[in-house]
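Participant: Quick one: structure below, then a few questions.
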Amino acid sequence: MRAAVFDSTTATPGAWPSIEEIPRPEPRPGEVLIKVRACGVCRTDLHIVERDLKPLEPRIIPGHQIVGEVVEGATATLPAGTRVGVSWIGGVDGDCWFCRHGMENLCDHPVFTGYSVNGGYAEFAAVRADFANPLPAGLEPIHAAPLLCAGVIGFRSLRVAGVERGERVGLYGFGSSASLAIRILHAWDCQVYVVTRGEQHRKVAESLGAAWVGDEDAKPPVELDRAITFAPAGKVVVAALAALRKGGVVAINAIHLDQMPAFDYDRLLWGERQLRSVANMTRQDARDFLTLARDLNFRPAVATFSLDDANRALEAVKHETAEGSAVIML
Ligand SMILES: [Zn+2]
Ligand SMILES: [Zn+2]
């Protein structure tokens with residue numbers, strides 16, 4: 001099969017993975033072989049091929065937003081031809097404290113698709129059957145692939161924040177994840193208050209029906225039940241806290257945050273307000289989000305690339321030149 005293979009010992013900038021003819025993987029017990037139809041290109045892929053993330057294997061096929069069809073290793077729940085989506089968490093150990101307590105997103109020994117095991121920049125991928133999430137009927141590979149990473153984690157953020165129907169929810173920062181979140185929140189009859197820098201982002205938030213939109217220094221005109229922060233800035237988290245009612249929750253959707261400024265506990269956190277970070281995702285998050293994506297007819301804007309152009313796709317992500325999410329189509 002053809003695959004884009006990243007060799008951490010020889011790769012150079014702009015020629016990160018090389019397109020190679022390699023043996024088709026044999027699914028091991030518990031795995032299915034999928035024929036890849038689409039694979040989204042995530043910024044994390046760039047961190048892998050630029051070695052910002054330490055290589056775990058000398059040679060690896062990147063890609064962790066995979067949509068494909070089961071062609072080998074079919075099971076009763078995954079019959080041949082089933083369309084599945086595979087994301088960053090490609091497996092967990094199932095027996096660490098976190099897995100045993102329903103928190104597989106925090107597993108001590110996770111498998112990372114396209115980083116610790118081969119991913120989807122290839123014609124075929126062998127993946128753990130129990131981490132191959134069936135795609136709901138009606139959701140096309142090209143629309144599903146770019147939703148499988150940031151989209152699912154954005155959805156998890158709403159869960160971590162504990163959003164309930166009809167609540168007032170703040171979104172701090174308004175990129176692609178937040179633009180999906182607002183549509184889910186509207187489906188839940190929530191009023192959405194958006195705080196974001198950038199005139200363009202504010203216009204998009206208004207066009208998507210935000211109840212109120214303000215710039216980064218503005219404070220929503222009401223107390224919020226929940227807030228989700230997407231900007232990687234500690235001061236934004238404090239601003240969100242300052243808008244929260246007693247007992248409310250701020251969920252931080254960021255892997256890295258710059259320094260968290262000192263803030264006034266008595267005024268901002270006391271009253272059982274909570275600050276929570278959001279890490280990874282569970283299979284249930286992915287499955288529930290994919291169903292919502294189908295029901296709400298999510299069709300993210302995409303820029304498509306062939307497998308041969310995997311490096312061009314990575315360049316587009318690096319320089320943010322693609323109009324929409326980069327997706328490799330096979
Ligand atoms: Zn990702
Ligand atoms: Zn575990």
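A note on labels: chains of the structure tokens are A, B, ... as shown, every chain counts residues from 1, and ligands are counted from 1 in their shown order.
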Would you please extract all alpha helix (DSSP H) residues from segment 95-127 of chain A, as assigned by DSSP on the backbone, and give them as a ChimeraX atom specification?
Facilitator: /A:97-100
Participant: Counting only C-alpha atoms and all ligand atoms, what residues are within 9 Å of ligand 1, given as a ChimeraX atom specification?
Facilitator: /A:40-45,63-65,87-88,148-150
Participant: Could you list, as a compact mmCIF listing (two decimals) with N, CA and C atoms, in the first residue's frame, all the residues within 9 Å of ligand 2, counting only C-alpha atoms and all ligand atoms?
Facilitator:
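Generated file (out.txt):
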# COMPACT_ATOMS: atom_id res chain seq x y z
N GLY A 91 -6.43 3.70 21.84
CA GLY A 91 -6.55 2.57 22.76
C GLY A 91 -6.17 3.01 24.16
N VAL A 92 -6.65 2.25 25.15
CA VAL A 92 -6.26 2.47 26.55
C VAL A 92 -5.97 1.11 27.16
N ASP A 93 -5.36 1.10 28.35
CA ASP A 93 -5.01 -0.20 28.95
C ASP A 93 -6.23 -0.89 29.57
N GLY A 94 -7.24 -0.09 29.92
CA GLY A 94 -8.47 -0.68 30.46
C GLY A 94 -8.41 -1.08 31.92
N ASP A 95 -7.22 -1.07 32.52
CA ASP A 95 -7.16 -1.52 33.92
C ASP A 95 -6.43 -0.56 34.87
N CYS A 96 -6.06 0.61 34.41
CA CYS A 96 -5.48 1.58 35.36
C CYS A 96 -6.62 2.18 36.19
N TRP A 97 -6.27 2.93 37.20
CA TRP A 97 -7.28 3.50 38.10
C TRP A 97 -8.30 4.34 37.30
N PHE A 98 -7.79 5.10 36.35
CA PHE A 98 -8.68 6.02 35.61
C PHE A 98 -9.65 5.24 34.72
N CYS A 99 -9.12 4.22 34.02
CA CYS A 99 -10.01 3.41 33.18
C CYS A 99 -11.08 2.73 34.03
N ARG A 100 -10.68 2.25 35.22
CA ARG A 100 -11.64 1.54 36.07
C ARG A 100 -12.67 2.47 36.69
N MET A 103 -12.87 7.08 33.47
CA MET A 103 -12.13 8.26 32.98
C MET A 103 -11.04 7.82 32.01
N GLU A 104 -11.44 7.09 30.97
CA GLU A 104 -10.43 6.55 30.06
C GLU A 104 -9.64 7.66 29.36
N ASN A 105 -10.20 8.86 29.30
CA ASN A 105 -9.47 9.98 28.69
C ASN A 105 -8.20 10.32 29.48
N LEU A 106 -8.15 9.87 30.74
CA LEU A 106 -6.97 10.15 31.58
C LEU A 106 -6.09 8.91 31.76
N CYS A 107 -6.29 7.88 30.96
CA CYS A 107 -5.58 6.61 31.10
C CYS A 107 -4.07 6.83 31.24
N ASP A 108 -3.46 6.01 32.10
CA ASP A 108 -2.01 6.10 32.32
C ASP A 108 -1.20 5.54 31.15
N HIS A 109 -1.81 4.66 30.35
CA HIS A 109 -1.07 4.02 29.25
C HIS A 109 -1.87 4.08 27.95
N PRO A 110 -2.10 5.26 27.43
CA PRO A 110 -2.90 5.35 26.21
C PRO A 110 -2.08 5.03 24.96
Participant: For segment 192-207 of chain A, list every protein, DNA or RNA residue within 7 Å, evaluated using only C-alpha atoms, and leave out those in the same chain fewer than 6 positions away; present the list as a list in words.
Facilitator: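 Final neighbour list, sorted by chain and number: Arg168, Val169, Gly170, Leu171, Tyr172, Gly173, Phe174, Ile182, Val213, Gly214, Asp215, Glu216, Ala218 and Pro220 of chain A.
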Participant: Write out the residues from the selection above, keeping C-alpha atoms, as a short mmCIF file (atom, residue, chain, number, x, y, z; two decimals), in the first residue's frame.
Facilitator:
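The resulting file, part.cif, is shown below:
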data_model
loop_
_atom_site.label_atom_id
_atom_site.label_comp_id
_atom_site.auth_asym_id
_atom_site.auth_seq_id
_atom_site.Cartn_x
_atom_site.Cartn_y
_atom_site.Cartn_z
CA ARG A 168 -26.31 31.02 29.76
CA VAL A 169 -22.95 29.93 28.42
CA GLY A 170 -19.87 32.04 27.69
CA LEU A 171 -17.42 31.14 24.92
CA TYR A 172 -14.06 32.87 25.33
CA GLY A 173 -12.18 32.80 22.03
CA PHE A 174 -14.04 31.99 18.83
CA ILE A 182 -22.34 27.48 19.54
CA VAL A 213 -20.66 39.48 21.46
CA GLY A 214 -17.86 41.50 23.02
CA ASP A 215 -14.17 42.14 22.58
CA GLU A 216 -11.53 40.67 24.87
CA ALA A 218 -15.72 43.28 27.57
CA PRO A 220 -21.08 39.81 29.36
#
Participant: Ranking A:Asp288, A:Ser176, A:Phe6, A:Val160 by minimum distance to Ile48 of chain A and counting only C-alpha atoms, which one comes first?
Facilitator: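 When distances to Ile48 of chain A are compared using only C-alpha atoms, the smallest one comes from A:Phe6.
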Participant: Using only C-alpha atoms, pick whichever of A:Val278, A:Ala74, A:Leu269, A:Leu46 has the shortest atom-to-atom distance to Ala239 of chain A.
Facilitator: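 Looking at the shortest contact to Ala239 of chain A, the residue is A:Leu269.
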Participant: What lies within 10 Å of Ile184 of chain A using only C-alpha atoms, ignoring chain neighbours under 6 positions off, as number ranges by chain?
Facilitator: A: 155, 158, 178, 190, 289, 292-293, 296
Participant: Write the selection just made, keeping C-alpha atoms, as a short mmCIF file (atom, residue, chain, number, x, y, z; two decimals), in the first residue's frame?
Facilitator:
data_model
loop_
_atom_site.label_atom_id
_atom_site.label_comp_id
_atom_site.auth_asym_id
_atom_site.auth_seq_id
_atom_site.Cartn_x
_atom_site.Cartn_y
_atom_site.Cartn_z
CA PHE A 155 -17.85 18.93 22.64
CA LEU A 158 -19.37 21.47 27.11
CA ALA A 178 -16.24 27.42 19.29
CA CYS A 190 -28.80 27.89 25.55
CA PHE A 289 -20.48 14.10 19.07
CA LEU A 292 -24.83 15.35 16.94
CA ALA A 293 -22.70 16.33 13.93
CA LEU A 296 -27.04 19.20 13.13
#
Participant: Can you tell me which residues surround Thr77 of chain A at a distance of at most 10 Å, considering only C-alpha atoms, apart from same-chain residues fewer than 6 positions away, and format the answer as a PyMOL selection string?
Facilitator: chain A and resi 129-130+134
Participant: For the selection you just gave me, I'd like the residues written to a file as a compact mmCIF listing (two decimals), in the first residue's frame, keeping C-alpha atoms.
Facilitator:
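Listed below is the output, part03.txt:
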# COMPACT_ATOMS: atom_id res chain seq x y z
CA ALA A 129 -11.69 -2.50 16.93
CA ASP A 130 -12.94 -1.13 20.25
CA PRO A 134 -19.03 3.62 13.90
Participant: Please provide as a ChimeraX atom specification all residues within 10 Å of segment 26-30 of chain A, with the sequence filter that same-chain residues fewer than 4 positions apart are discarded (counting only C-alpha atoms).
Facilitator: /A:34,72-75,124-130
Participant: Any idea what's packed within 12 Å of Phe263 of chain A, counting only C-alpha atoms, ignoring anything in its chain fewer than 6 positions away? Could you give it as a list of chain:residue names?
Facilitator: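 Here the answer would be A:Gly234, A:Lys235, A:Val236, A:Val237, A:Val238, A:Ala239, A:Ala240, A:Leu241, A:Ala242, A:Leu269, A:Trp270.
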Participant: Suppose we keep N, CA, C and O atoms; can you now write the selection as a compact mmCIF listing (two decimals), in the first residue's frame?
Facilitator:
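The resulting selection-v5.txt:
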# COMPACT_ATOMS: atom_id res chain seq x y z
N GLY A 234 -4.03 32.68 30.36
CA GLY A 234 -4.54 32.63 31.71
C GLY A 234 -5.46 33.78 32.05
O GLY A 234 -6.45 33.61 32.77
N LYS A 235 -5.19 34.96 31.52
CA LYS A 235 -6.03 36.11 31.88
C LYS A 235 -7.45 35.94 31.35
O LYS A 235 -8.41 36.47 31.92
N VAL A 236 -7.59 35.17 30.27
CA VAL A 236 -8.92 34.90 29.73
C VAL A 236 -9.71 34.01 30.69
O VAL A 236 -10.91 34.20 30.89
N VAL A 237 -9.02 33.07 31.33
CA VAL A 237 -9.68 32.19 32.31
C VAL A 237 -10.18 33.04 33.48
O VAL A 237 -11.31 32.86 33.96
N VAL A 238 -9.37 33.99 33.92
CA VAL A 238 -9.78 34.85 35.04
C VAL A 238 -10.96 35.73 34.63
O VAL A 238 -11.90 35.93 35.40
N ALA A 239 -10.93 36.23 33.39
CA ALA A 239 -12.05 37.04 32.90
C ALA A 239 -13.34 36.21 32.88
O ALA A 239 -14.41 36.70 33.23
N ALA A 240 -13.22 34.95 32.51
CA ALA A 240 -14.40 34.08 32.48
C ALA A 240 -14.93 33.84 33.90
O ALA A 240 -16.14 33.89 34.13
N LEU A 241 -14.00 33.62 34.84
CA LEU A 241 -14.41 33.45 36.24
C LEU A 241 -15.18 34.66 36.74
O LEU A 241 -16.16 34.52 37.48
N ALA A 242 -14.73 35.82 36.33
CA ALA A 242 -15.33 37.07 36.81
C ALA A 242 -16.76 37.25 36.31
O ALA A 242 -17.50 38.09 36.83
N LEU A 269 -13.62 32.97 43.06
CA LEU A 269 -13.73 31.51 43.11
C LEU A 269 -14.62 31.02 44.26
O LEU A 269 -15.30 30.00 44.14
N TRP A 270 -14.64 31.75 45.35
CA TRP A 270 -15.50 31.37 46.47
C TRP A 270 -16.94 31.33 45.99
O TRP A 270 -17.27 31.89 44.96
Participant: Which one of A:Ser306, A:Ser157, A:Thr321, A:Asn280 sits closest to Ile19 of chain A if you count only C-alpha atoms?
Facilitator: A:Ser306
Participant: Report as a PDB file with all heavy atoms, in the first residue's frame: the residues of segment 159-239 of chain A with a DSSP assignment of strand (DSSP E), based on the backbone of this structure.
Facilitator:
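Contents of selection_39.pdb, freshly written:
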ATOM      1  N   ARG A 168     -27.102  29.919  30.358  1.00  0.00           N
ATOM      2  CA  ARG A 168     -26.314  31.015  29.763  1.00  0.00           C
ATOM      3  C   ARG A 168     -24.865  30.569  29.747  1.00  0.00           C
ATOM      4  O   ARG A 168     -24.287  30.300  30.805  1.00  0.00           O
ATOM      5  CB  ARG A 168     -26.454  32.280  30.596  1.00  0.00           C
ATOM      6  CG  ARG A 168     -27.860  32.842  30.582  1.00  0.00           C
ATOM      7  CD  ARG A 168     -28.021  33.844  31.709  1.00  0.00           C
ATOM      8  NE  ARG A 168     -29.176  34.694  31.477  1.00  0.00           N
ATOM      9  CZ  ARG A 168     -29.622  35.591  32.336  1.00  0.00           C
ATOM     10  NH1 ARG A 168     -29.004  35.764  33.504  1.00  0.00           N
ATOM     11  NH2 ARG A 168     -30.672  36.333  32.057  1.00  0.00           N
ATOM     12  N   VAL A 169     -24.292  30.488  28.556  1.00  0.00           N
ATOM     13  CA  VAL A 169     -22.948  29.934  28.416  1.00  0.00           C
ATOM     14  C   VAL A 169     -22.042  30.941  27.720  1.00  0.00           C
ATOM     15  O   VAL A 169     -22.413  31.520  26.691  1.00  0.00           O
ATOM     16  CB  VAL A 169     -22.987  28.618  27.603  1.00  0.00           C
ATOM     17  CG1 VAL A 169     -21.584  28.027  27.465  1.00  0.00           C
ATOM     18  CG2 VAL A 169     -23.929  27.610  28.257  1.00  0.00           C
ATOM     19  N   GLY A 170     -20.864  31.142  28.291  1.00  0.00           N
ATOM     20  CA  GLY A 170     -19.874  32.038  27.688  1.00  0.00           C
ATOM     21  C   GLY A 170     -18.860  31.239  26.889  1.00  0.00           C
ATOM     22  O   GLY A 170     -18.406  30.180  27.333  1.00  0.00           O
ATOM     23  N   LEU A 171     -18.511  31.720  25.705  1.00  0.00           N
ATOM     24  CA  LEU A 171     -17.416  31.143  24.924  1.00  0.00           C
ATOM     25  C   LEU A 171     -16.342  32.210  24.808  1.00  0.00           C
ATOM     26  O   LEU A 171     -16.593  33.294  24.280  1.00  0.00           O
ATOM     27  CB  LEU A 171     -17.893  30.711  23.530  1.00  0.00           C
ATOM     28  CG  LEU A 171     -19.001  29.656  23.490  1.00  0.00           C
ATOM     29  CD1 LEU A 171     -19.414  29.369  22.042  1.00  0.00           C
ATOM     30  CD2 LEU A 171     -18.582  28.368  24.193  1.00  0.00           C
ATOM     31  N   TYR A 172     -15.160  31.905  25.332  1.00  0.00           N
ATOM     32  CA  TYR A 172     -14.057  32.870  25.330  1.00  0.00           C
ATOM     33  C   TYR A 172     -13.033  32.442  24.289  1.00  0.00           C
ATOM     34  O   TYR A 172     -12.359  31.425  24.454  1.00  0.00           O
ATOM     35  CB  TYR A 172     -13.441  32.963  26.730  1.00  0.00           C
ATOM     36  CG  TYR A 172     -14.311  33.733  27.691  1.00  0.00           C
ATOM     37  CD1 TYR A 172     -15.503  33.188  28.160  1.00  0.00           C
ATOM     38  CD2 TYR A 172     -13.971  35.015  28.096  1.00  0.00           C
ATOM     39  CE1 TYR A 172     -16.323  33.896  29.009  1.00  0.00           C
ATOM     40  CE2 TYR A 172     -14.782  35.738  28.955  1.00  0.00           C
ATOM     41  CZ  TYR A 172     -15.961  35.180  29.409  1.00  0.00           C
ATOM     42  OH  TYR A 172     -16.770  35.899  30.246  1.00  0.00           O
ATOM     43  N   GLN A 191     -28.419  30.278  25.746  1.00  0.00           N
ATOM     44  CA  GLN A 191     -28.027  31.594  25.231  1.00  0.00           C
ATOM     45  C   GLN A 191     -26.502  31.673  25.321  1.00  0.00           C
ATOM     46  O   GLN A 191     -25.927  31.345  26.356  1.00  0.00           O
ATOM     47  CB  GLN A 191     -28.628  32.732  26.056  1.00  0.00           C
ATOM     48  CG  GLN A 191     -30.144  32.815  25.956  1.00  0.00           C
ATOM     49  CD  GLN A 191     -30.777  32.167  27.174  1.00  0.00           C
ATOM     50  OE1 GLN A 191     -30.508  32.545  28.294  1.00  0.00           O
ATOM     51  NE2 GLN A 191     -31.614  31.178  26.940  1.00  0.00           N
ATOM     52  N   VAL A 192     -25.896  32.119  24.229  1.00  0.00           N
ATOM     53  CA  VAL A 192     -24.443  32.070  24.141  1.00  0.00           C
ATOM     54  C   VAL A 192     -23.861  33.481  24.099  1.00  0.00           C
ATOM     55  O   VAL A 192     -24.299  34.320  23.311  1.00  0.00           O
ATOM     56  CB  VAL A 192     -24.004  31.274  22.895  1.00  0.00           C
ATOM     57  CG1 VAL A 192     -22.484  31.186  22.834  1.00  0.00           C
ATOM     58  CG2 VAL A 192     -24.621  29.872  22.918  1.00  0.00           C
ATOM     59  N   TYR A 193     -22.917  33.714  24.989  1.00  0.00           N
ATOM     60  CA  TYR A 193     -22.243  35.007  25.112  1.00  0.00           C
ATOM     61  C   TYR A 193     -20.794  34.800  24.687  1.00  0.00           C
ATOM     62  O   TYR A 193     -20.096  33.940  25.238  1.00  0.00           O
ATOM     63  CB  TYR A 193     -22.335  35.514  26.554  1.00  0.00           C
ATOM     64  CG  TYR A 193     -23.763  35.746  26.967  1.00  0.00           C
ATOM     65  CD1 TYR A 193     -24.587  34.677  27.331  1.00  0.00           C
ATOM     66  CD2 TYR A 193     -24.324  37.020  26.922  1.00  0.00           C
ATOM     67  CE1 TYR A 193     -25.908  34.864  27.644  1.00  0.00           C
ATOM     68  CE2 TYR A 193     -25.652  37.229  27.246  1.00  0.00           C
ATOM     69  CZ  TYR A 193     -26.443  36.152  27.606  1.00  0.00           C
ATOM     70  OH  TYR A 193     -27.771  36.342  27.899  1.00  0.00           O
ATOM     71  N   VAL A 194     -20.355  35.553  23.665  1.00  0.00           N
ATOM     72  CA  VAL A 194     -19.036  35.320  23.080  1.00  0.00           C
ATOM     73  C   VAL A 194     -18.115  36.490  23.384  1.00  0.00           C
ATOM     74  O   VAL A 194     -18.464  37.652  23.138  1.00  0.00           O
ATOM     75  CB  VAL A 194     -19.144  35.116  21.549  1.00  0.00           C
ATOM     76  CG1 VAL A 194     -17.755  35.028  20.917  1.00  0.00           C
ATOM     77  CG2 VAL A 194     -19.952  33.854  21.246  1.00  0.00           C
ATOM     78  N   VAL A 195     -16.948  36.178  23.948  1.00  0.00           N
ATOM     79  CA  VAL A 195     -15.918  37.192  24.199  1.00  0.00           C
ATOM     80  C   VAL A 195     -14.715  36.791  23.359  1.00  0.00           C
ATOM     81  O   VAL A 195     -14.153  35.705  23.544  1.00  0.00           O
ATOM     82  CB  VAL A 195     -15.518  37.209  25.691  1.00  0.00           C
ATOM     83  CG1 VAL A 195     -14.408  38.237  25.931  1.00  0.00           C
ATOM     84  CG2 VAL A 195     -16.725  37.510  26.569  1.00  0.00           C
ATOM     85  N   TRP A 212     -24.966  37.790  22.590  1.00  0.00           N
ATOM     86  CA  TRP A 212     -24.168  38.988  22.848  1.00  0.00           C
ATOM     87  C   TRP A 212     -22.731  38.670  22.444  1.00  0.00           C
ATOM     88  O   TRP A 212     -22.270  37.538  22.612  1.00  0.00           O
ATOM     89  CB  TRP A 212     -24.248  39.336  24.338  1.00  0.00           C
ATOM     90  CG  TRP A 212     -23.336  40.441  24.788  1.00  0.00           C
ATOM     91  CD1 TRP A 212     -23.632  41.785  24.849  1.00  0.00           C
ATOM     92  CD2 TRP A 212     -21.991  40.306  25.250  1.00  0.00           C
ATOM     93  NE1 TRP A 212     -22.544  42.477  25.317  1.00  0.00           N
ATOM     94  CE2 TRP A 212     -21.519  41.596  25.569  1.00  0.00           C
ATOM     95  CE3 TRP A 212     -21.119  39.222  25.422  1.00  0.00           C
ATOM     96  CZ2 TRP A 212     -20.240  41.842  26.056  1.00  0.00           C
ATOM     97  CZ3 TRP A 212     -19.839  39.445  25.895  1.00  0.00           C
ATOM     98  CH2 TRP A 212     -19.418  40.751  26.210  1.00  0.00           C
ATOM     99  N   VAL A 213     -22.049  39.674  21.866  1.00  0.00           N
ATOM    100  CA  VAL A 213     -20.658  39.476  21.459  1.00  0.00           C
ATOM    101  C   VAL A 213     -19.841  40.662  21.936  1.00  0.00           C
ATOM    102  O   VAL A 213     -20.271  41.821  21.770  1.00  0.00           O
ATOM    103  CB  VAL A 213     -20.531  39.366  19.914  1.00  0.00           C
ATOM    104  CG1 VAL A 213     -19.080  39.136  19.508  1.00  0.00           C
ATOM    105  CG2 VAL A 213     -21.404  38.233  19.374  1.00  0.00           C
ATOM    106  N   GLY A 214     -18.694  40.404  22.556  1.00  0.00           N
ATOM    107  CA  GLY A 214     -17.863  41.501  23.024  1.00  0.00           C
ATOM    108  C   GLY A 214     -16.393  41.255  22.736  1.00  0.00           C
ATOM    109  O   GLY A 214     -15.990  40.119  22.440  1.00  0.00           O
ATOM    110  N   LEU A 224     -22.966  34.318  33.997  1.00  0.00           N
ATOM    111  CA  LEU A 224     -22.968  33.082  33.207  1.00  0.00           C
ATOM    112  C   LEU A 224     -23.109  31.861  34.107  1.00  0.00           C
ATOM    113  O   LEU A 224     -22.563  31.825  35.213  1.00  0.00           O
ATOM    114  CB  LEU A 224     -21.658  32.958  32.418  1.00  0.00           C
ATOM    115  CG  LEU A 224     -21.335  34.107  31.459  1.00  0.00           C
ATOM    116  CD1 LEU A 224     -19.932  33.916  30.869  1.00  0.00           C
ATOM    117  CD2 LEU A 224     -22.374  34.191  30.340  1.00  0.00           C
ATOM    118  N   ASP A 225     -23.838  30.859  33.605  1.00  0.00           N
ATOM    119  CA  ASP A 225     -23.898  29.576  34.311  1.00  0.00           C
ATOM    120  C   ASP A 225     -22.615  28.773  34.074  1.00  0.00           C
ATOM    121  O   ASP A 225     -22.145  28.067  34.958  1.00  0.00           O
ATOM    122  CB  ASP A 225     -25.091  28.755  33.804  1.00  0.00           C
ATOM    123  CG  ASP A 225     -26.407  29.457  34.060  1.00  0.00           C
ATOM    124  OD1 ASP A 225     -26.702  29.737  35.233  1.00  0.00           O
ATOM    125  OD2 ASP A 225     -27.127  29.756  33.082  1.00  0.00           O
ATOM    126  N   ARG A 226     -22.119  28.855  32.861  1.00  0.00           N
ATOM    127  CA  ARG A 226     -20.911  28.102  32.454  1.00  0.00           C
ATOM    128  C   ARG A 226     -20.104  28.971  31.507  1.00  0.00           C
ATOM    129  O   ARG A 226     -20.662  29.819  30.816  1.00  0.00           O
ATOM    130  CB  ARG A 226     -21.256  26.821  31.675  1.00  0.00           C
ATOM    131  CG  ARG A 226     -22.483  26.098  32.116  1.00  0.00           C
ATOM    132  CD  ARG A 226     -22.193  25.185  33.279  1.00  0.00           C
ATOM    133  NE  ARG A 226     -23.457  24.861  33.960  1.00  0.00           N
ATOM    134  CZ  ARG A 226     -23.516  24.201  35.089  1.00  0.00           C
ATOM    135  NH1 ARG A 226     -22.404  23.788  35.679  1.00  0.00           N
ATOM    136  NH2 ARG A 226     -24.663  23.950  35.653  1.00  0.00           N
ATOM    137  N   ALA A 227     -18.815  28.676  31.419  1.00  0.00           N
ATOM    138  CA  ALA A 227     -17.989  29.322  30.399  1.00  0.00           C
ATOM    139  C   ALA A 227     -16.957  28.318  29.926  1.00  0.00           C
ATOM    140  O   ALA A 227     -16.496  27.467  30.699  1.00  0.00           O
ATOM    141  CB  ALA A 227     -17.309  30.565  30.960  1.00  0.00           C
ATOM    142  N   ILE A 228     -16.618  28.409  28.642  1.00  0.00           N
ATOM    143  CA  ILE A 228     -15.536  27.582  28.086  1.00  0.00           C
ATOM    144  C   ILE A 228     -14.521  28.547  27.499  1.00  0.00           C
ATOM    145  O   ILE A 228     -14.880  29.442  26.730  1.00  0.00           O
ATOM    146  CB  ILE A 228     -16.043  26.613  26.996  1.00  0.00           C
ATOM    147  CG1 ILE A 228     -17.009  25.592  27.607  1.00  0.00           C
ATOM    148  CG2 ILE A 228     -14.882  25.847  26.364  1.00  0.00           C
ATOM    149  CD1 ILE A 228     -18.442  25.919  27.472  1.00  0.00           C
ATOM    150  N   THR A 229     -13.250  28.366  27.880  1.00  0.00           N
ATOM    151  CA  THR A 229     -12.212  29.228  27.333  1.00  0.00           C
ATOM    152  C   THR A 229     -11.416  28.439  26.300  1.00  0.00           C
ATOM    153  O   THR A 229     -10.991  27.317  26.546  1.00  0.00           O
ATOM    154  CB  THR A 229     -11.272  29.758  28.428  1.00  0.00           C
ATOM    155  OG1 THR A 229     -10.543  28.678  29.003  1.00  0.00           O
ATOM    156  CG2 THR A 229     -12.042  30.479  29.509  1.00  0.00           C
TER     157      THR A 229
END
Participant: Could you tell me how far atom CA of Arg287 of chain A lies from atom CA of Lys318 of chain A, in Å and to one decimal?
Facilitator: 28.9 Å
